[in-house]
Every structure is written in C-alpha cells, then in structure tokens.
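Containing mmCIF, C-alpha atoms: run29.cif.
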```cif
data_my_file
loop_
_atom_site.label_atom_id
_atom_site.label_comp_id
_atom_site.auth_asym_id
_atom_site.auth_seq_id
_atom_site.Cartn_x
_atom_site.Cartn_y
_atom_site.Cartn_z
CA ILE T 1 3.09 8.73 -31.34
CA SER T 2 1.50 5.70 -32.93
CA GLY T 3 -1.48 4.01 -31.29
CA ASN T 4 0.47 0.86 -30.52
CA GLU T 5 3.03 2.86 -28.52
CA THR T 6 0.62 4.77 -26.32
CA MET T 7 -0.79 3.86 -22.95
CA THR T 8 -4.04 1.86 -22.82
CA TYR T 9 -6.40 0.80 -20.06
CA GLU T 10 -5.77 -2.86 -20.90
CA GLY T 11 -2.01 -2.36 -20.69
CA ALA T 12 -2.28 -0.60 -17.34
CA MET T 13 -4.44 -3.41 -15.94
CA GLN T 14 -1.93 -5.98 -17.18
CA LYS T 15 0.92 -4.15 -15.44
CA ILE T 16 -1.11 -3.94 -12.22
CA GLY T 17 -1.74 -7.69 -12.48
CA ILE T 18 1.97 -8.37 -12.99
CA LEU T 19 3.04 -6.31 -9.97
CA LEU T 20 0.30 -7.74 -7.74
CA GLY T 21 1.26 -11.22 -8.89
CA PHE T 22 4.84 -10.71 -7.72
CA VAL T 23 3.59 -9.34 -4.39
CA VAL T 24 1.33 -12.36 -3.83
CA ILE T 25 3.97 -14.94 -4.81
CA SER T 26 6.59 -13.26 -2.61
CA ALA T 27 4.13 -12.99 0.28
CA LEU T 28 3.16 -16.67 0.02
CA PHE T 29 6.79 -17.82 0.06
CA THR T 30 7.55 -15.52 2.99
CA SER T 31 4.45 -16.71 4.83
CA ALA T 32 5.47 -20.36 4.42
CA PHE T 33 8.93 -19.54 5.77
CA SER T 34 7.46 -17.45 8.58
CA LEU T 35 5.19 -20.26 9.76
CA GLY T 36 8.26 -22.35 10.48
CA ALA T 37 9.81 -19.47 12.41
CA LEU T 38 6.63 -19.06 14.46
CA GLU T 39 6.55 -22.76 15.30
CA ASP T 40 10.09 -22.36 16.62
CA GLY T 41 9.02 -19.33 18.62
CA ASN T 42 11.20 -17.00 16.57
CA ILE T 43 8.88 -13.99 16.33
CA GLY T 44 11.92 -11.70 16.23
CA LEU T 45 12.77 -13.01 12.76
CA LEU T 46 9.34 -12.02 11.45
CA THR T 47 9.77 -8.57 12.96
CA MET T 48 13.10 -8.24 11.16
CA LEU T 49 11.56 -9.35 7.85
CA SER T 50 8.69 -6.88 8.23
CA LEU T 51 10.95 -3.99 9.21
CA GLY T 52 13.47 -4.85 6.51
CA GLY T 53 10.70 -4.96 3.90
CA VAL T 54 9.43 -1.54 4.96
CA ILE T 55 12.86 0.11 4.90
CA VAL T 56 14.08 -1.46 1.65
CA GLY T 57 10.71 -0.86 -0.01
CA PHE T 58 10.76 2.81 1.00
CA ILE T 59 14.29 3.24 -0.35
CA LEU T 60 13.37 1.54 -3.64
CA ALA T 61 10.26 3.71 -4.04
CA MET T 62 12.35 6.87 -3.47
CA ILE T 63 14.94 5.69 -6.01
CA ILE T 64 12.24 4.99 -8.59
CA TYR T 65 10.53 8.36 -8.16
CA MET T 66 13.75 10.40 -8.02
CA THR T 67 15.64 8.73 -10.89
CA ARG T 68 12.61 8.24 -13.19
CA PRO T 69 14.24 5.38 -15.15
CA LYS T 70 13.29 5.00 -18.81
CA ASN T 71 12.52 1.33 -18.15
CA PRO T 72 11.11 1.25 -14.61
CA ALA T 73 9.79 -2.33 -14.80
CA PRO T 74 12.80 -4.11 -13.16
CA LEU T 75 12.89 -1.76 -10.18
CA MET T 76 9.11 -1.83 -9.78
CA ILE T 77 9.05 -5.63 -9.87
CA THR T 78 11.85 -5.68 -7.28
CA TYR T 79 9.77 -3.34 -5.14
CA ALA T 80 6.77 -5.67 -5.48
CA ILE T 81 8.87 -8.65 -4.34
CA VAL T 82 10.26 -6.73 -1.35
CA GLU T 83 6.80 -5.56 -0.33
CA GLY T 84 5.61 -9.16 -0.64
CA VAL T 85 8.19 -10.12 1.99
CA PHE T 86 6.90 -7.35 4.26
CA ILE T 87 3.25 -8.29 3.76
CA GLY T 88 3.92 -12.02 4.13
CA ALA T 89 5.78 -11.62 7.41
CA MET T 90 3.32 -9.12 8.86
CA SER T 91 0.25 -11.08 7.76
CA THR T 92 1.59 -14.32 9.21
CA THR T 93 2.30 -12.63 12.53
CA MET T 94 -1.17 -11.07 12.64
CA GLU T 95 -2.84 -14.35 11.70
CA TYR T 96 -0.93 -16.08 14.51
CA PHE T 97 -2.45 -13.73 17.10
CA TYR T 98 -5.83 -13.11 15.43
CA GLU T 99 -7.08 -16.11 13.48
CA GLY T 100 -8.89 -15.22 10.26
CA ILE T 101 -7.74 -11.59 10.23
CA VAL T 102 -5.83 -11.86 6.94
CA MET T 103 -8.86 -12.98 4.93
CA GLN T 104 -10.92 -10.23 6.55
CA ALA T 105 -8.26 -7.68 5.58
CA ILE T 106 -8.17 -8.95 1.99
CA LEU T 107 -11.96 -8.73 1.69
CA GLY T 108 -11.90 -5.29 3.26
CA THR T 109 -9.29 -4.09 0.78
CA VAL T 110 -11.30 -5.43 -2.16
CA ALA T 111 -14.45 -3.77 -0.81
CA ILE T 112 -12.70 -0.42 -0.44
CA PHE T 113 -11.25 -0.67 -3.96
CA ALA T 114 -14.68 -1.48 -5.43
CA SER T 115 -16.36 1.32 -3.48
CA MET T 116 -13.81 3.94 -4.55
CA TYR T 117 -14.01 2.81 -8.17
CA PHE T 118 -17.79 3.15 -8.06
CA LEU T 119 -17.49 6.64 -6.57
CA TYR T 120 -15.00 7.52 -9.31
CA VAL T 121 -16.95 6.26 -12.31
CA SER T 122 -20.18 7.74 -10.95
CA LYS T 123 -18.30 11.07 -10.64
CA VAL T 124 -19.13 11.47 -6.97
CA LEU T 125 -15.41 11.93 -6.33
CA ARG T 126 -13.09 13.37 -8.97
CA PRO T 127 -9.34 14.13 -8.77
CA THR T 128 -9.63 17.88 -9.17
CA PRO T 129 -6.51 20.01 -8.51
CA THR T 130 -7.88 21.04 -5.10
CA PHE T 131 -8.76 17.44 -4.22
CA ASN T 132 -5.26 16.27 -5.22
CA LYS T 133 -3.52 19.01 -3.22
CA ILE T 134 -5.47 18.16 -0.06
CA VAL T 135 -5.00 14.38 -0.36
CA ILE T 136 -1.30 14.68 -1.24
CA SER T 137 -0.68 17.04 1.70
CA LEU T 138 -2.43 14.71 4.14
CA THR T 139 -0.65 11.69 2.68
CA MET T 140 2.78 13.31 3.08
CA SER T 141 1.92 14.26 6.66
CA ILE T 142 0.93 10.67 7.44
CA MET T 143 4.09 9.30 5.83
CA LEU T 144 6.17 11.73 7.92
CA LEU T 145 4.31 10.55 11.01
CA TYR T 146 5.18 6.94 10.20
CA VAL T 147 8.84 7.78 9.58
CA ILE T 148 9.07 9.61 12.91
CA SER T 149 7.32 6.71 14.64
CA MET T 150 9.79 4.22 13.12
CA VAL T 151 12.79 6.29 14.21
CA ILE T 152 11.42 6.63 17.73
CA SER T 153 10.70 2.90 18.04
CA LEU T 154 14.18 1.98 16.76
CA ALA T 155 16.07 4.52 18.84
CA THR T 156 14.05 4.40 22.06
CA PRO T 157 11.79 1.96 23.97
CA TYR T 158 8.83 4.27 23.35
CA GLN T 159 6.17 4.35 20.64
CA MET T 160 4.24 7.17 18.99
CA PRO T 161 1.08 7.91 21.03
CA LEU T 162 -2.25 6.89 19.42
CA LEU T 163 -0.63 5.47 16.27
CA HIS T 164 -0.33 1.99 17.78
CA SER T 165 -2.93 2.39 20.52
CA SER T 166 -6.16 0.38 20.66
CA SER T 167 -7.95 3.19 22.47
CA PRO T 168 -10.97 4.86 20.82
CA MET T 169 -8.74 7.74 19.72
CA GLY T 170 -6.12 5.33 18.39
CA ILE T 171 -8.78 3.47 16.40
CA GLY T 172 -10.16 6.80 15.17
CA LEU T 173 -6.70 7.82 13.91
CA THR T 174 -6.34 4.54 12.02
CA VAL T 175 -9.78 5.03 10.44
CA PHE T 176 -8.76 8.55 9.37
CA ILE T 177 -5.51 7.25 7.85
CA LEU T 178 -7.46 4.50 6.06
CA VAL T 179 -9.82 7.09 4.56
CA ILE T 180 -6.87 9.10 3.21
CA ALA T 181 -5.32 5.93 1.80
CA ALA T 182 -8.60 5.09 0.07
CA LEU T 183 -8.83 8.60 -1.42
CA ASN T 184 -5.44 8.03 -3.03
CA LEU T 185 -7.21 5.50 -5.28
CA ILE T 186 -9.21 8.36 -6.81
CA MET T 187 -5.94 10.00 -7.84
CA ASP T 188 -4.65 6.68 -9.21
CA PHE T 189 -7.79 6.21 -11.31
CA GLY T 190 -7.51 9.79 -12.52
CA PHE T 191 -3.86 9.39 -13.47
CA ILE T 192 -4.56 6.31 -15.57
CA GLU T 193 -7.62 7.81 -17.26
CA GLY T 194 -5.91 11.12 -17.96
CA SER T 195 -2.75 9.44 -19.27
CA VAL T 196 -4.71 7.24 -21.66
CA GLN T 197 -6.72 10.18 -22.96
CA ASN T 198 -3.57 12.30 -23.44
CA GLY T 199 -1.77 9.56 -25.39
CA THR T 200 0.97 9.06 -22.81
CA PRO T 201 3.77 6.74 -23.99
CA LYS T 202 3.48 3.04 -23.16
CA VAL T 203 5.82 3.31 -20.16
CA GLY T 204 3.06 5.28 -18.40
CA GLU T 205 1.28 1.97 -17.81
CA TRP T 206 4.03 0.97 -15.39
CA TRP T 207 3.80 4.28 -13.54
CA GLY T 208 0.02 4.00 -13.22
CA ALA T 209 0.32 0.42 -11.99
CA PHE T 210 3.09 1.32 -9.55
CA GLY T 211 1.07 4.12 -7.98
CA MET T 212 -1.96 1.89 -7.57
CA LEU T 213 0.18 -0.92 -6.12
CA ILE T 214 1.54 1.39 -3.42
CA THR T 215 -1.98 2.54 -2.56
CA LEU T 216 -3.42 -0.99 -2.41
CA ILE T 217 -0.60 -2.19 -0.14
CA TRP T 218 -1.14 0.81 2.12
CA ILE T 219 -4.89 0.15 2.31
CA TYR T 220 -4.35 -3.54 3.10
CA ILE T 221 -1.91 -2.74 5.91
CA GLU T 222 -4.23 -0.13 7.42
CA VAL T 223 -7.22 -2.51 7.26
CA LEU T 224 -5.07 -5.17 8.94
CA ARG T 225 -4.02 -2.73 11.68
CA LEU T 226 -7.59 -1.54 12.22
CA LEU T 227 -8.92 -5.09 12.57
CA ALA T 228 -6.12 -5.98 14.98
CA LYS T 229 -6.93 -2.96 17.14
CA LEU T 230 -10.64 -3.80 17.18
CA ARG T 231 -10.05 -7.45 18.02
CA SER T 232 -7.53 -6.63 20.75
CA ARG T 233 -10.31 -4.79 22.59
CA ASN T 234 -12.52 -7.90 22.75
#
```

Write the structure described by the file as structure tokens, please.
Amino acid sequence: ISGNETMTYEGAMQKIGILLGFVVISALFTSAFSLGALEDGNIGLLTMLSLGGVIVGFILAMIIYMTRPKNPAPLMITYAIVEGVFIGAMSTTMEYFYEGIVMQAILGTVAIFASMYFLYVSKVLRPTPTFNKIVISLTMSIMLLYVISMVISLATPYQMPLLHSSSPMGIGLTVFILVIAALNLIMDFGFIEGSVQNGTPKVGEWWGAFGMLITLIWIYIEVLRLLAKLRSRN
C-alpha cells in the first residue's frame, strides 16, 4: 500500500471536521426552525424531531456497521445530518427551559474531550484489551437500557426509574453514564493511532471519524441531561 493511500492523522482530523460540520449546520437549521415552533407553543413537534432523529440515527448507524460499505462517506454524512436534527431540536427545547444550558454543555463536552486526550497522550489511560472489553460491555449495557427506556415510554405512560429522575441517585446514574461515554474516547484515540501505525487504507479515516462523532454526540447529550437535572433541583 503506497503512503498516499494509507490512513493519516491529518486525514482523520479532516474527516472528523467534515462530519462535525454537517452536524453543526443541521443543528443550526433545526434550531432556527424549532424556535418558531416554540413561539407557537408546538413543543410536540420538537419532541417528534428529537425522537425521529434518535430512531433514524440508530438505524443508520446499525446499517453502516453491519454492511461495512466500501465507501461509507455518504451514509456517515447522512447520519451526521440526522443527528444534527436531533441535537438541534433537543438543544432548543433545553435552552427554552434552562437558559444558557447549551453553551454550558458545549464547554463541558470540549473540557471532557481535552481531559481524555491529555490522559491518553500522557499514557494514564490506554485502550488495552481488558480496558476495551470492560468499556464496550458497559456501553452495550447502557445502550440496551436506553432502548428499553424508549420502548417503555412509547408503549406506556411510564418511564424508566432513575434514568430520567433528578434525584441524587438519578444524577449519580447520569454521571456514571457520562464517565463511560468519556472512556469511549480513549478507544477512539487508540483506534486512530493504531490504524495509522498499521498502515490502514485511507477509508479507515472515515471509520475513525465516525466512531469519534458518535462518542462526542453521546457525551454532549449526557452533559446536557446532567445539567438539566442539576438545574431542575434549584
């Protein structure tokens, strides 16, 4: 494999920038649309946009991982746009009830990213096989918890205990989930570094960027939920 056809750090960063760019643009357009809906008192529309973004995004992610397309860029960009709709609608709703919470969540996400990168480059945390197994197992358990919670909320008038609660235990659960989400960044960093060192083909840049995008979105949402829980107690 020639050097020009292998994965590079610069290429991976460019792909991450592209995907994040689509998320931000989509979120801004959705937010502008959502503001009008809020002014008309149509909160139900924002709930539909958020829920639709979650479901469609999950389906797209499963398609991408199961089919492993040779050129994953179109599907990954589509995923980024769909997630932008979800983030835009959810962020606008949260900002409506808790002024300033979106900027706090953005800063919190950046701080977590910087902290985990420092821990990675300083070799305090490394994606060893044991580390990966533990984090992946906990991540899958959390994802299953969210799927069950979504099914329960759609099929019944009830909600999963603690997951949406602002009680001390509910806040503690969100903090735990946020820690697991942050630890996924260590695996993302390790994947990109290992792929570059092993001379992975250029398409690996998209896979590295896609994994990190999913993690960053997850962290942002959990930070947003944690802040909302804390502020609802005041």

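Residue nearest Trp207 in chain T, chosen from T:Ser91, T:Ser195, T:Thr174, T:Gln159 and counting all atoms listed in the file: T:Ser195.
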
Checklist entry - Got a sec: who's within 10 Å of Phe97 in chain T, counting all atoms listed in the file, leaving out chain neighbours fewer than 3 positions off, as a PyMOL selection string? => result chain T and resi 92-94+100-101+228+231-232

Checklist outcome for this item: Expressed in Å, the length from CA of Ala73 in chain T to CA of Phe58 in chain T is 16.6 Å

Item to check | Proximity to Gly52 in chain T - best of T:Phe118, T:Tyr158, T:Phe86, T:Tyr9, all atoms listed in the file | outcome: T:Phe86

Checklist entry - Thr6 in chain T: which residues within 10 Å, counting all atoms listed in the file, same-chain residues fewer than 6 positions away excluded, as a list of chain:residue names? => result T:Ser195, T:Val196, T:Gln197, T:Asn198, T:Gly199, T:Thr200, T:Pro201, T:Lys202, T:Val203, T:Gly204, T:Glu205

Next on the checklist: Just to confirm, what's the straight-line distance from CA of Ser34 in chain T to CA of Val54 in chain T in Å (one decimal)?
Outcome noted: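 Calculated distance between CA of Ser34 in chain T and CA of Val54 in chain T is 16.4 Å.
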
Write out as an mmCIF file with C-alpha atoms, in the frame of the given file the residues lying within 12 Å of Asn132 in chain T, counting all atoms listed in the file and excluding same-chain residues fewer than 2 positions away.
```
data_model
loop_
_atom_site.group_PDB
_atom_site.id
_atom_site.type_symbol
_atom_site.label_atom_id
_atom_site.label_comp_id
_atom_site.auth_asym_id
_atom_site.auth_seq_id
_atom_site.Cartn_x
_atom_site.Cartn_y
_atom_site.Cartn_z
ATOM 1 C CA LEU T 125 -15.410 11.930 -6.330
ATOM 2 C CA ARG T 126 -13.090 13.370 -8.970
ATOM 3 C CA PRO T 127 -9.340 14.130 -8.770
ATOM 4 C CA THR T 128 -9.630 17.880 -9.170
ATOM 5 C CA PRO T 129 -6.510 20.010 -8.510
ATOM 6 C CA THR T 130 -7.880 21.040 -5.100
ATOM 7 C CA ILE T 134 -5.470 18.160 -0.060
ATOM 8 C CA VAL T 135 -5.000 14.380 -0.360
ATOM 9 C CA ILE T 136 -1.300 14.680 -1.240
ATOM 10 C CA SER T 137 -0.680 17.040 1.700
ATOM 11 C CA LEU T 138 -2.430 14.710 4.140
ATOM 12 C CA THR T 139 -0.650 11.690 2.680
ATOM 13 C CA MET T 140 2.780 13.310 3.080
ATOM 14 C CA ILE T 180 -6.870 9.100 3.210
ATOM 15 C CA LEU T 183 -8.830 8.600 -1.420
ATOM 16 C CA ASN T 184 -5.440 8.030 -3.030
ATOM 17 C CA LEU T 185 -7.210 5.500 -5.280
ATOM 18 C CA ILE T 186 -9.210 8.360 -6.810
ATOM 19 C CA MET T 187 -5.940 10.000 -7.840
ATOM 20 C CA ASP T 188 -4.650 6.680 -9.210
ATOM 21 C CA GLY T 190 -7.510 9.790 -12.520
ATOM 22 C CA PHE T 191 -3.860 9.390 -13.470
#
```

If the PyMOL selection byres ((chain T and resi 12-21) around 12) were run on this exact file, what residues would it hold? Put them as an mmCIF file with C-alpha atoms, in the coordinates of the input.
```
data_model
loop_
_atom_site.group_PDB
_atom_site.id
_atom_site.type_symbol
_atom_site.label_atom_id
_atom_site.label_comp_id
_atom_site.auth_asym_id
_atom_site.auth_seq_id
_atom_site.Cartn_x
_atom_site.Cartn_y
_atom_site.Cartn_z
ATOM 1 C CA THR T 6 0.620 4.770 -26.320
ATOM 2 C CA MET T 7 -0.790 3.860 -22.950
ATOM 3 C CA THR T 8 -4.040 1.860 -22.820
ATOM 4 C CA TYR T 9 -6.400 0.800 -20.060
ATOM 5 C CA GLU T 10 -5.770 -2.860 -20.900
ATOM 6 C CA GLY T 11 -2.010 -2.360 -20.690
ATOM 7 C CA PHE T 22 4.840 -10.710 -7.720
ATOM 8 C CA VAL T 23 3.590 -9.340 -4.390
ATOM 9 C CA VAL T 24 1.330 -12.360 -3.830
ATOM 10 C CA ILE T 25 3.970 -14.940 -4.810
ATOM 11 C CA SER T 26 6.590 -13.260 -2.610
ATOM 12 C CA ALA T 27 4.130 -12.990 0.280
ATOM 13 C CA LEU T 28 3.160 -16.670 0.020
ATOM 14 C CA PRO T 72 11.110 1.250 -14.610
ATOM 15 C CA ALA T 73 9.790 -2.330 -14.800
ATOM 16 C CA PRO T 74 12.800 -4.110 -13.160
ATOM 17 C CA LEU T 75 12.890 -1.760 -10.180
ATOM 18 C CA MET T 76 9.110 -1.830 -9.780
ATOM 19 C CA ILE T 77 9.050 -5.630 -9.870
ATOM 20 C CA THR T 78 11.850 -5.680 -7.280
ATOM 21 C CA TYR T 79 9.770 -3.340 -5.140
ATOM 22 C CA ALA T 80 6.770 -5.670 -5.480
ATOM 23 C CA ILE T 81 8.870 -8.650 -4.340
ATOM 24 C CA VAL T 82 10.260 -6.730 -1.350
ATOM 25 C CA GLU T 83 6.800 -5.560 -0.330
ATOM 26 C CA GLY T 84 5.610 -9.160 -0.640
ATOM 27 C CA ILE T 87 3.250 -8.290 3.760
ATOM 28 C CA ASP T 188 -4.650 6.680 -9.210
ATOM 29 C CA PHE T 189 -7.790 6.210 -11.310
ATOM 30 C CA PHE T 191 -3.860 9.390 -13.470
ATOM 31 C CA ILE T 192 -4.560 6.310 -15.570
ATOM 32 C CA GLU T 193 -7.620 7.810 -17.260
ATOM 33 C CA SER T 195 -2.750 9.440 -19.270
ATOM 34 C CA VAL T 196 -4.710 7.240 -21.660
ATOM 35 C CA THR T 200 0.970 9.060 -22.810
ATOM 36 C CA PRO T 201 3.770 6.740 -23.990
ATOM 37 C CA LYS T 202 3.480 3.040 -23.160
ATOM 38 C CA VAL T 203 5.820 3.310 -20.160
ATOM 39 C CA GLY T 204 3.060 5.280 -18.400
ATOM 40 C CA GLU T 205 1.280 1.970 -17.810
ATOM 41 C CA TRP T 206 4.030 0.970 -15.390
ATOM 42 C CA TRP T 207 3.800 4.280 -13.540
ATOM 43 C CA GLY T 208 0.020 4.000 -13.220
ATOM 44 C CA ALA T 209 0.320 0.420 -11.990
ATOM 45 C CA PHE T 210 3.090 1.320 -9.550
ATOM 46 C CA GLY T 211 1.070 4.120 -7.980
ATOM 47 C CA MET T 212 -1.960 1.890 -7.570
ATOM 48 C CA LEU T 213 0.180 -0.920 -6.120
ATOM 49 C CA ILE T 214 1.540 1.390 -3.420
ATOM 50 C CA THR T 215 -1.980 2.540 -2.560
ATOM 51 C CA LEU T 216 -3.420 -0.990 -2.410
ATOM 52 C CA ILE T 217 -0.600 -2.190 -0.140
#
```

Next on the checklist: I'd like to know which of T:Ile177, T:Ala182, T:Leu35, T:Val147 is closest to Ala114 in chain T, using only C-alpha atoms.
Outcome noted: T:Ala182

Checklist entry - Nearest to Leu224 in chain T: which of T:Ile112, T:Leu163, T:Met169, T:Ile106 is it, counting all atoms listed in the file? => result T:Ile106

Next on the checklist: What does the structure give for the distance between CA of Pro161 in chain T and CA of Leu173 in chain T, in Å to one decimal?
Outcome noted: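 Value for the CA of Pro161 in chain T-CA of Leu173 in chain T distance: 10.5 Å.
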
Next on the checklist: Within 8 Å of (-2.0, -5.7, 9.5) in the file's own coordinates, which protein, DNA or RNA residues have an atom, counting only C-alpha atoms? List them as a ChimeraX atom specification.
Outcome noted: /T:90-91,94,102,105,220-228

Checklist outcome for this item: Residue with the minimum atom-to-atom distance to Ile219 in chain T, picked from T:Phe33, T:Tyr146, T:Phe113, T:Tyr96 with only C-alpha atoms counted, is T:Phe113

Checklist entry - Skipping near chain neighbours, those fewer than 3 positions away, what residues fall within 10 Å of Ser167 in chain T using only C-alpha atoms, listed as a list in words? => result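 Result of the neighbour search: Leu162, Leu163, His164, Gly170, Ile171, Gly172, Leu173, Lys229, Leu230, Ser232 and Arg233 of chain T.
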
Just add N, CA, C and O atoms to range 71-92 of chain T and send it as a short mmCIF file (atom, residue, chain, number, x, y, z; two decimals), in the frame of the given file.
```
data_model
loop_
_atom_site.label_atom_id
_atom_site.label_comp_id
_atom_site.auth_asym_id
_atom_site.auth_seq_id
_atom_site.Cartn_x
_atom_site.Cartn_y
_atom_site.Cartn_z
N ASN T 71 13.17 2.64 -18.26
CA ASN T 71 12.52 1.33 -18.15
C ASN T 71 12.38 1.00 -16.67
O ASN T 71 13.26 0.37 -16.08
N PRO T 72 11.27 1.42 -16.05
CA PRO T 72 11.11 1.25 -14.61
C PRO T 72 10.68 -0.15 -14.18
O PRO T 72 10.66 -0.45 -12.99
N ALA T 73 10.35 -1.01 -15.14
CA ALA T 73 9.79 -2.33 -14.80
C ALA T 73 10.66 -3.15 -13.84
O ALA T 73 10.14 -3.68 -12.84
N PRO T 74 12.00 -3.28 -14.08
CA PRO T 74 12.80 -4.11 -13.16
C PRO T 74 12.77 -3.61 -11.73
O PRO T 74 12.62 -4.41 -10.78
N LEU T 75 12.90 -2.30 -11.54
CA LEU T 75 12.89 -1.76 -10.18
C LEU T 75 11.50 -1.90 -9.54
O LEU T 75 11.39 -2.19 -8.35
N MET T 76 10.46 -1.71 -10.32
CA MET T 76 9.11 -1.83 -9.78
C MET T 76 8.78 -3.26 -9.41
O MET T 76 8.12 -3.52 -8.40
N ILE T 77 9.26 -4.22 -10.20
CA ILE T 77 9.05 -5.63 -9.87
C ILE T 77 9.84 -5.99 -8.61
O ILE T 77 9.35 -6.73 -7.74
N THR T 78 11.05 -5.46 -8.50
CA THR T 78 11.85 -5.68 -7.28
C THR T 78 11.13 -5.12 -6.07
O THR T 78 11.08 -5.75 -5.00
N TYR T 79 10.55 -3.94 -6.23
CA TYR T 79 9.77 -3.34 -5.14
C TYR T 79 8.60 -4.24 -4.75
O TYR T 79 8.34 -4.45 -3.56
N ALA T 80 7.91 -4.79 -5.74
CA ALA T 80 6.77 -5.67 -5.48
C ALA T 80 7.21 -6.90 -4.69
O ALA T 80 6.52 -7.33 -3.75
N ILE T 81 8.36 -7.46 -5.04
CA ILE T 81 8.87 -8.65 -4.34
C ILE T 81 9.22 -8.30 -2.89
O ILE T 81 8.89 -9.05 -1.95
N VAL T 82 9.89 -7.16 -2.70
CA VAL T 82 10.26 -6.73 -1.35
C VAL T 82 9.02 -6.48 -0.49
O VAL T 82 8.96 -6.88 0.67
N GLU T 83 8.03 -5.82 -1.08
CA GLU T 83 6.80 -5.56 -0.33
C GLU T 83 6.06 -6.87 -0.03
O GLU T 83 5.37 -6.97 0.99
N GLY T 84 6.19 -7.85 -0.90
CA GLY T 84 5.61 -9.16 -0.64
C GLY T 84 6.21 -9.80 0.60
O GLY T 84 5.50 -10.44 1.40
N VAL T 85 7.52 -9.61 0.78
CA VAL T 85 8.19 -10.12 1.99
C VAL T 85 7.62 -9.43 3.23
O VAL T 85 7.30 -10.08 4.24
N PHE T 86 7.48 -8.12 3.15
CA PHE T 86 6.90 -7.35 4.26
C PHE T 86 5.49 -7.80 4.59
O PHE T 86 5.15 -8.09 5.74
N ILE T 87 4.65 -7.90 3.56
CA ILE T 87 3.25 -8.29 3.76
C ILE T 87 3.15 -9.71 4.27
O ILE T 87 2.36 -10.02 5.16
N GLY T 88 3.95 -10.62 3.70
CA GLY T 88 3.92 -12.02 4.13
C GLY T 88 4.28 -12.19 5.59
O GLY T 88 3.59 -12.91 6.33
N ALA T 89 5.34 -11.51 6.02
CA ALA T 89 5.78 -11.62 7.41
C ALA T 89 4.77 -10.99 8.36
O ALA T 89 4.42 -11.58 9.39
N MET T 90 4.28 -9.80 8.00
CA MET T 90 3.32 -9.12 8.86
C MET T 90 2.00 -9.86 8.93
O MET T 90 1.41 -10.02 10.01
N SER T 91 1.52 -10.36 7.79
CA SER T 91 0.25 -11.08 7.76
C SER T 91 0.32 -12.36 8.57
O SER T 91 -0.63 -12.71 9.29
N THR T 92 1.43 -13.08 8.45
CA THR T 92 1.59 -14.32 9.21
C THR T 92 1.59 -14.07 10.70
O THR T 92 0.98 -14.81 11.49
#
```
